[in-house]
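Here the structure is laid out as structure tokens; the discussion comes afterwards.
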Amino acid sequence: MMYRVLYALLTVFIMSRFSFAATIDKNALEYMTVTASRNPVPRWEAGSTLTIIDRAEIERRQTPYVTDLLRGVPGLSVNQQGGVGKLSQVRVRGAEANHVLVMIDGVEANDMTRGDDFDFSSLTTSDIERIEVVRGPQSSLWGSDALAGVINIITRQVDRPLEANASIEAGSFGSKQVSGSIGLRGDNHAFRVGANHLSTAGTNIAITGAEDDGYRTTSFNAKADWQAHKAIHFAANARVTDIRNDTDTGGITGIPVDSDGQSDTLLIYAAANVKASFFKDNWTHRIGGSWSRTDNKDKDLLDGTSGRVQGDKYSVDYQTDIRFVTPQLVSAEHLVTFALDYEERFFKQRGPISFGADPNQNRKIDTLGYVGEYRVRLFDVTTISGSVRYDDNSDFDDVTTFRVSLSQRLSSWGTALSVAYGTGQKDPTFFDRFGFSAGGLFPFVGNSNLAPERSKGWEVGVKQSLLDDRVLIGATVFSERLEDEINGFVIDLTTFTSSSENVAGKSHRDGFELSANATLTDHLSVSASYTYLDANQLDLATGNRTDEVRRPRHQGVASMNYILQNGRGNINLQLTHSGDQDDVMFLAPVFAPQRVSLNNFTLLGFSGSWRLLEQLSVFVRAENMLDSDYQEVFGYQAPGASAYLGVHYTTAR
């Protein structure tokens with residue numbers, strides 16, 4: 001089936017050669033990416049399928065939630081456990097949520113205290129400059145968590161000597177948001193600090209009962225850089241987020257029921273680095289360090305029981321880059337990169353002794369990674385890249401991953417082509433290995449003998465600029481295989497406990513992604529994307545292949561944007577469709593996992609803004625305007641229709 005799809009896409013590509021003549025879209029294909037390589041490279045050279053969400057798109061959408069932006073990225077699926085602030089997982093091309101690395105200003109943000117995934121529910125857009133999403137195995141560049149891709153969050157910088165922003169918003173479900181920032185820039189230095197507070201009375205996330213589950217989060221973000229010398233540059237950043245969440249108990253069936261649960265989370269990300277450049281920037285050195293902390297406290301307000309898990313990650317890294325050209329031999333530009341990164345992770349769990357098991361423990365793991373990357377650009381139209389990484393792990397067998405890619409642009413046709421093949425790996429999580437949870441009928445006990453998950457995959461992509469750069473279309477076909485997949489809920493009926501195990505067989509992830517963007521007039525633009533995904537795994541009980549849960553086979557997004565009065569106002573409409581998908585529940589009397597189906601749903605969103613004065617704007621947005629009744633995780637009810645109104649002040653005009 002995949003070969004037929006590839007043939008059809010190539011046929012469309014070839015036919016388009018005889019229909020249009022255009023040049024490369026400078027904005028779409030020359031935009032720099034800092035995630036698809038260890039160094040910034042032009043977008044067309046990425047060698048991996050890449051989506052960039054910039055500040056202009058964030059302001060058009062007016063949404064405070066990063067998850068709403070990611071729903072429009074081909075190949076990504078979002079699963080949220082109910083309303084605002086509830087656990088939100090993002091999967092890339094059918095992989096697990098903990099197979100995608102999330103970075104915030106260069107700091108790895110995945111939560112090691114849970115499942116090593118990143119909970120996007122606490123990440124707001126108020127201080128974000130851009131989001132880069134790279135699909136496909138990226139472990140050879142970024143390590144374990146990047147088995148299926150990378151989502152890189154880059155916060156805002158200062159562009160003016162003095163810059164200030166402030167906004168306030170209120171709306172449905174008792175929701176309020178206040179944010180502000182101020183920044184200073186001099187000849188050789190810059191500093192910016194921002195804050196955001198969001199709270200909501202919430203909605204009832206359980207499909208039964210009537211209790212609303214509230215949420216509030218407060219975050220602070222700071223960023224500074226200093227050009228100490230023309231060859232020496234210092235940079236530092238920090239982010240702190242404090243979260244309180246009302247929770248419902250999942251019970252022994254996995255279906256949430258109203259309860260007086262509460263969780264408190266503290267997230268800290270900090271990093272600093274210095275970069276030295278020599279020989280007209282042809283030889284650079286960078287050394288940096290980072291620290292992240294995740295502190296989760298869960299409390300049952302009825303019986304007073306509580307538990308706590310805390311994770312700290314310390315890392316240092318060194319990277320050197322050498323650039324040179326070979327005009328006499330062949331017209332080529334070369335970039336050679338060597339990097340070392342050392343990481344220590346600490347896991348701490350505290351809680352009451354239950355079922356004879358003591359969850360109180362301290363664990364540690366460290367990894368030393370060796371990275372090499374080589375990129376060569378031939379005649380300014382062809383780029384070949386290769387990367388390899390060797391991970392020396394204190395607790396597992398050492399792992400080597402690699403990736404190779406070819407990027408080609410045909411300037412006279414307005415075309416960019418890419419082919420890539422790579423491998424990835426994911427270490428077992430602390431919780432899978434050592435965690436303990438007394439909830440449910442089968443208490444969870446970790447398995448210290450787990451092996452890393454491993455993957456391999458390829459992709460072929462094409463981007464085409466048409467009609468004098470007014471239209472850009474893209475298509476990517478991909479195929480990935482996962483071995484030693486970790487099943488986090490394996491029941492042992494002799495001990496009446498559950499644990500994690502590496503399962504036999506391979507998981508298959510095949511599909512294709514389509515995208516189109518068109519500027520119809522100076523005021524009107526439209527875009528659309530579609531993802532087809534066939535993600536399945538081997539059912540050892542039957543010997544048949546079965547769909548993986550929470551992976552819709554069909555997803556699509558369409559949007560329209562209209563600019564009013566030369567930029568004074570803006571109107572944006574967004575239509576999102578998610579197809580049917582499977583999930584799992586645990587039915588009495590044996591409470592074995594049972595398949596359930598989640599129906600498809602369609603969401604319609606609206607946002608609009610109008611500049612009242614040069615520096616003052618008013619904005620409005622509406623979500624789920626069709627009032628769709630849907631679930632992205634079985635048993636967790638999503639919010640209905642809602643509306644919000646706010647004002648924004650900025651000096652950056």
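Residue names in the structure tokens use chain letters A, B, ... in the order shown, residue numbers from 1 in each chain, and ligand numbers from 1 in the order shown.
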Open item on the list: Residues of segment 139-315 of chain A classed as helix (DSSP H, G or I) by DSSP on the backbone are to be reported as a ChimeraX atom specification.
Closed with: /A:139-142,144-146,172-174
Write the residues you've just listed into a file as a PDB file, in the first residue's frame, and include C-alpha atoms for each of them.
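Now in out-v9.pdb:
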ATOM      1  CA  SER A 139      18.481  10.178  18.525  1.00  0.00           C
ATOM      2  CA  SER A 140      21.782  10.465  16.644  1.00  0.00           C
ATOM      3  CA  LEU A 141      21.673  14.228  17.283  1.00  0.00           C
ATOM      4  CA  TRP A 142      19.782  14.612  20.555  1.00  0.00           C
ATOM      5  CA  SER A 144      17.367   8.909  23.983  1.00  0.00           C
ATOM      6  CA  ASP A 145      14.121  10.886  24.152  1.00  0.00           C
ATOM      7  CA  ALA A 146      14.288  11.870  20.448  1.00  0.00           C
ATOM      8  CA  SER A 172     -15.896  30.775  29.920  1.00  0.00           C
ATOM      9  CA  PHE A 173     -15.549  28.408  32.887  1.00  0.00           C
ATOM     10  CA  GLY A 174     -14.292  31.229  35.107  1.00  0.00           C
TER      11      GLY A 174
END
Contacts of Leu604 of chain A at 12 Å or less, counting only C-alpha atoms, minus same-chain residues fewer than 4 places along, as a compact mmCIF listing (two decimals) with C-alpha atoms, in the first residue's frame?
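As written to disk, out22.txt reads:
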# COMPACT_ATOMS: atom_id res chain seq x y z
CA ASP A 68 -3.97 24.04 20.02
CA VAL A 557 -6.84 20.67 9.68
CA ALA A 558 -7.99 23.60 7.53
CA SER A 559 -7.63 27.28 8.35
CA MET A 560 -8.41 30.67 6.87
CA ASN A 572 -8.77 33.51 11.80
CA LEU A 573 -10.88 30.36 11.45
CA GLN A 574 -9.57 26.87 12.27
CA LEU A 575 -11.33 23.57 11.50
CA THR A 576 -9.83 20.42 13.06
CA HIS A 577 -10.98 16.86 12.41
CA SER A 578 -9.82 13.71 14.20
CA ARG A 621 -11.66 33.89 20.44
CA ALA A 622 -14.13 31.02 20.56
CA GLU A 623 -13.38 27.30 20.95
CA ASN A 624 -15.41 24.23 20.01
CA MET A 625 -18.02 26.46 18.39
CA LEU A 626 -19.96 23.41 17.20
CA ASP A 627 -20.22 22.29 20.84
CA SER A 628 -18.95 18.82 19.92
CA GLY A 640 -18.02 22.28 25.34
CA ALA A 641 -18.29 25.59 23.50
CA SER A 642 -16.49 28.55 25.07
TODO: Just the strand (DSSP E or B) stuff from segment 514-581 of chain A, please, per backbone DSSP, written as a PyMOL selection string.
DONE: chain A and resi 514-519+524-538+545-547+554-564+569-578+581
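Nearest residue to Ala46 of chain A among A:Ile268, A:Met32, A:Ile365, A:Ile154 is A:Met32, counting only C-alpha atoms.
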Leaving out segment 196-211 of chain A and any residue of its chain fewer than 2 positions from it, which residues lie within 9 Å of it when counting only C-alpha atoms, given as a compact mmCIF listing (two decimals) with N, CA and C atoms, in the first residue's frame?
# COMPACT_ATOMS: atom_id res chain seq x y z
N GLN A 81 -6.64 14.70 28.73
CA GLN A 81 -7.55 14.06 29.68
C GLN A 81 -8.54 15.08 30.22
N GLY A 82 -9.43 15.54 29.34
CA GLY A 82 -10.46 16.45 29.78
C GLY A 82 -10.16 17.89 29.46
N GLY A 83 -10.38 18.79 30.45
CA GLY A 83 -10.33 20.22 30.21
C GLY A 83 -8.96 20.84 30.35
N VAL A 84 -8.98 22.17 30.50
CA VAL A 84 -7.75 22.96 30.58
C VAL A 84 -6.90 22.49 31.75
N GLY A 85 -5.61 22.33 31.50
CA GLY A 85 -4.67 21.97 32.55
C GLY A 85 -4.54 20.49 32.81
N LYS A 86 -5.36 19.68 32.17
CA LYS A 86 -5.27 18.24 32.42
C LYS A 86 -4.24 17.62 31.47
N THR A 124 2.05 27.60 28.07
CA THR A 124 1.25 28.62 27.41
C THR A 124 2.09 29.34 26.35
N SER A 126 2.28 32.66 25.76
CA SER A 126 2.46 34.10 25.96
C SER A 126 3.90 34.56 25.72
N ASP A 127 4.88 33.74 26.01
CA ASP A 127 6.27 34.17 25.90
C ASP A 127 7.06 33.37 24.86
N SER A 172 -15.10 31.91 29.45
CA SER A 172 -15.90 30.78 29.92
C SER A 172 -15.19 29.98 31.01
N PHE A 173 -16.00 29.30 31.82
CA PHE A 173 -15.55 28.41 32.89
C PHE A 173 -14.73 29.15 33.94
N GLY A 174 -15.01 30.45 34.11
CA GLY A 174 -14.29 31.23 35.11
C GLY A 174 -12.81 31.36 34.80
N SER A 175 -12.47 31.40 33.52
CA SER A 175 -11.07 31.44 33.12
C SER A 175 -10.54 32.86 33.08
N LYS A 176 -9.30 33.03 33.56
CA LYS A 176 -8.63 34.32 33.55
C LYS A 176 -7.16 34.09 33.21
N GLN A 177 -6.58 35.02 32.44
CA GLN A 177 -5.16 34.96 32.14
C GLN A 177 -4.59 36.37 32.12
N VAL A 178 -3.45 36.54 32.81
CA VAL A 178 -2.73 37.80 32.84
C VAL A 178 -1.28 37.51 32.51
N SER A 179 -0.70 38.28 31.61
CA SER A 179 0.70 38.08 31.26
C SER A 179 1.37 39.41 30.99
N GLY A 180 2.70 39.45 31.16
CA GLY A 180 3.44 40.66 30.91
C GLY A 180 4.92 40.36 30.76
N SER A 181 5.62 41.27 30.11
CA SER A 181 7.06 41.10 29.93
C SER A 181 7.70 42.45 29.72
N GLY A 194 9.64 37.69 31.67
CA GLY A 194 8.20 37.62 31.43
C GLY A 194 7.51 36.78 32.48
N ASP A 213 -13.36 20.55 37.79
CA ASP A 213 -11.97 20.33 38.17
C ASP A 213 -11.15 21.54 37.76
N GLY A 214 -10.78 22.35 38.74
CA GLY A 214 -10.09 23.60 38.48
C GLY A 214 -8.60 23.42 38.22
N TYR A 215 -7.99 24.55 37.88
CA TYR A 215 -6.57 24.52 37.50
C TYR A 215 -6.02 25.92 37.56
N ARG A 216 -4.75 26.05 37.97
CA ARG A 216 -4.07 27.32 37.86
C ARG A 216 -2.58 27.08 37.69
N THR A 217 -1.95 27.98 36.93
CA THR A 217 -0.52 27.88 36.69
C THR A 217 0.08 29.28 36.62
N THR A 218 1.28 29.42 37.17
CA THR A 218 2.02 30.67 37.13
C THR A 218 3.43 30.36 36.66
N SER A 219 3.91 31.09 35.68
CA SER A 219 5.24 30.83 35.15
C SER A 219 6.02 32.13 35.03
N PHE A 220 7.35 32.00 35.20
CA PHE A 220 8.28 33.12 35.03
C PHE A 220 9.38 32.67 34.08
N ASN A 221 9.76 33.58 33.19
CA ASN A 221 10.77 33.25 32.19
C ASN A 221 11.76 34.40 32.09
N ASP A 246 -6.80 20.23 40.15
CA ASP A 246 -7.79 19.33 40.74
C ASP A 246 -7.86 18.06 39.90
N THR A 247 -7.85 16.91 40.54
CA THR A 247 -7.80 15.65 39.82
C THR A 247 -8.93 14.73 40.25
N ASP A 248 -9.28 13.81 39.35
CA ASP A 248 -10.26 12.76 39.63
C ASP A 248 -9.56 11.41 39.62
N ILE A 255 -11.64 4.43 34.42
CA ILE A 255 -12.59 5.50 34.12
C ILE A 255 -12.63 6.46 35.30
N PRO A 256 -12.41 7.76 35.09
CA PRO A 256 -12.36 8.71 36.22
C PRO A 256 -13.72 8.88 36.87
N VAL A 257 -13.68 9.04 38.18
CA VAL A 257 -14.87 9.35 38.97
C VAL A 257 -14.55 10.56 39.82
N ASP A 258 -15.60 11.37 40.11
CA ASP A 258 -15.40 12.57 40.91
C ASP A 258 -14.74 12.23 42.24
N SER A 259 -13.69 12.97 42.57
CA SER A 259 -13.00 12.79 43.85
C SER A 259 -12.25 14.07 44.18
N GLY A 635 -13.24 8.04 28.85
CA GLY A 635 -13.74 8.38 30.17
C GLY A 635 -13.52 9.82 30.56
N TYR A 636 -12.73 10.56 29.79
CA TYR A 636 -12.43 11.96 30.11
C TYR A 636 -13.16 12.87 29.14
N GLN A 637 -14.03 13.68 29.68
CA GLN A 637 -14.94 14.51 28.89
C GLN A 637 -14.28 15.85 28.55
N ALA A 638 -14.27 16.19 27.28
CA ALA A 638 -13.69 17.46 26.85
C ALA A 638 -14.68 18.60 27.05
N PRO A 639 -14.19 19.85 27.17
CA PRO A 639 -15.10 20.98 27.38
C PRO A 639 -15.99 21.24 26.17
N GLY A 640 -17.13 21.87 26.41
CA GLY A 640 -18.02 22.28 25.34
C GLY A 640 -17.61 23.63 24.77
Go through segment 431-460 of chain A and flag each residue having an atom no more than 7 Å from segment 495-505 of chain A; for those, report the closest pair of atoms plus their distance in Å to one decimal, using only C-alpha atoms, ordered by chain and rising number, as CSV.
residue,atom,partner,partner_atom,distance
A:Asp432,CA,A:Ser500,CA,5.8
A:Phe442,CA,A:Thr497,CA,4.4
A:Pro443,CA,A:Thr497,CA,5.0
A:Phe444,CA,A:Ser498,CA,4.7
A:Val445,CA,A:Ser499,CA,5.3
A:Gly446,CA,A:Ser499,CA,5.5
A:Asn447,CA,A:Ser500,CA,5.9
A:Leu450,CA,A:Asn502,CA,6.4
A:Ala451,CA,A:Asn502,CA,6.9
Task: For Thr337 of chain A, the nearest of the candidates A:Gln227, A:Thr241, A:Asn39, A:Arg192, counting only C-alpha atoms - done: A:Asn39
Task: Spatial neighbours of Ser88 of chain A, max dist 8 Å, only C-alpha atoms, sep filter under 5 positions, as a PyMOL selection string - done: chain A and resi 67+78-81+119-121
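With distances restricted to only C-alpha atoms, A:Leu533 is the closest residue to Gln555 of chain A from A:Ala420, A:Leu533, A:Ile182, A:Leu482.
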TODO: Tell me which of A:Gly311, A:Gly605, A:Gly567, A:Gly646 sits closest to Ala56 of chain A, counting only C-alpha atoms.
DONE: A:Gly567
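Ranking A:Asp468, A:Asp187, A:Asp295, A:Asp522 by their shortest atom-to-atom distance to Asp225 of chain A, with only C-alpha atoms included, puts A:Asp187 first.
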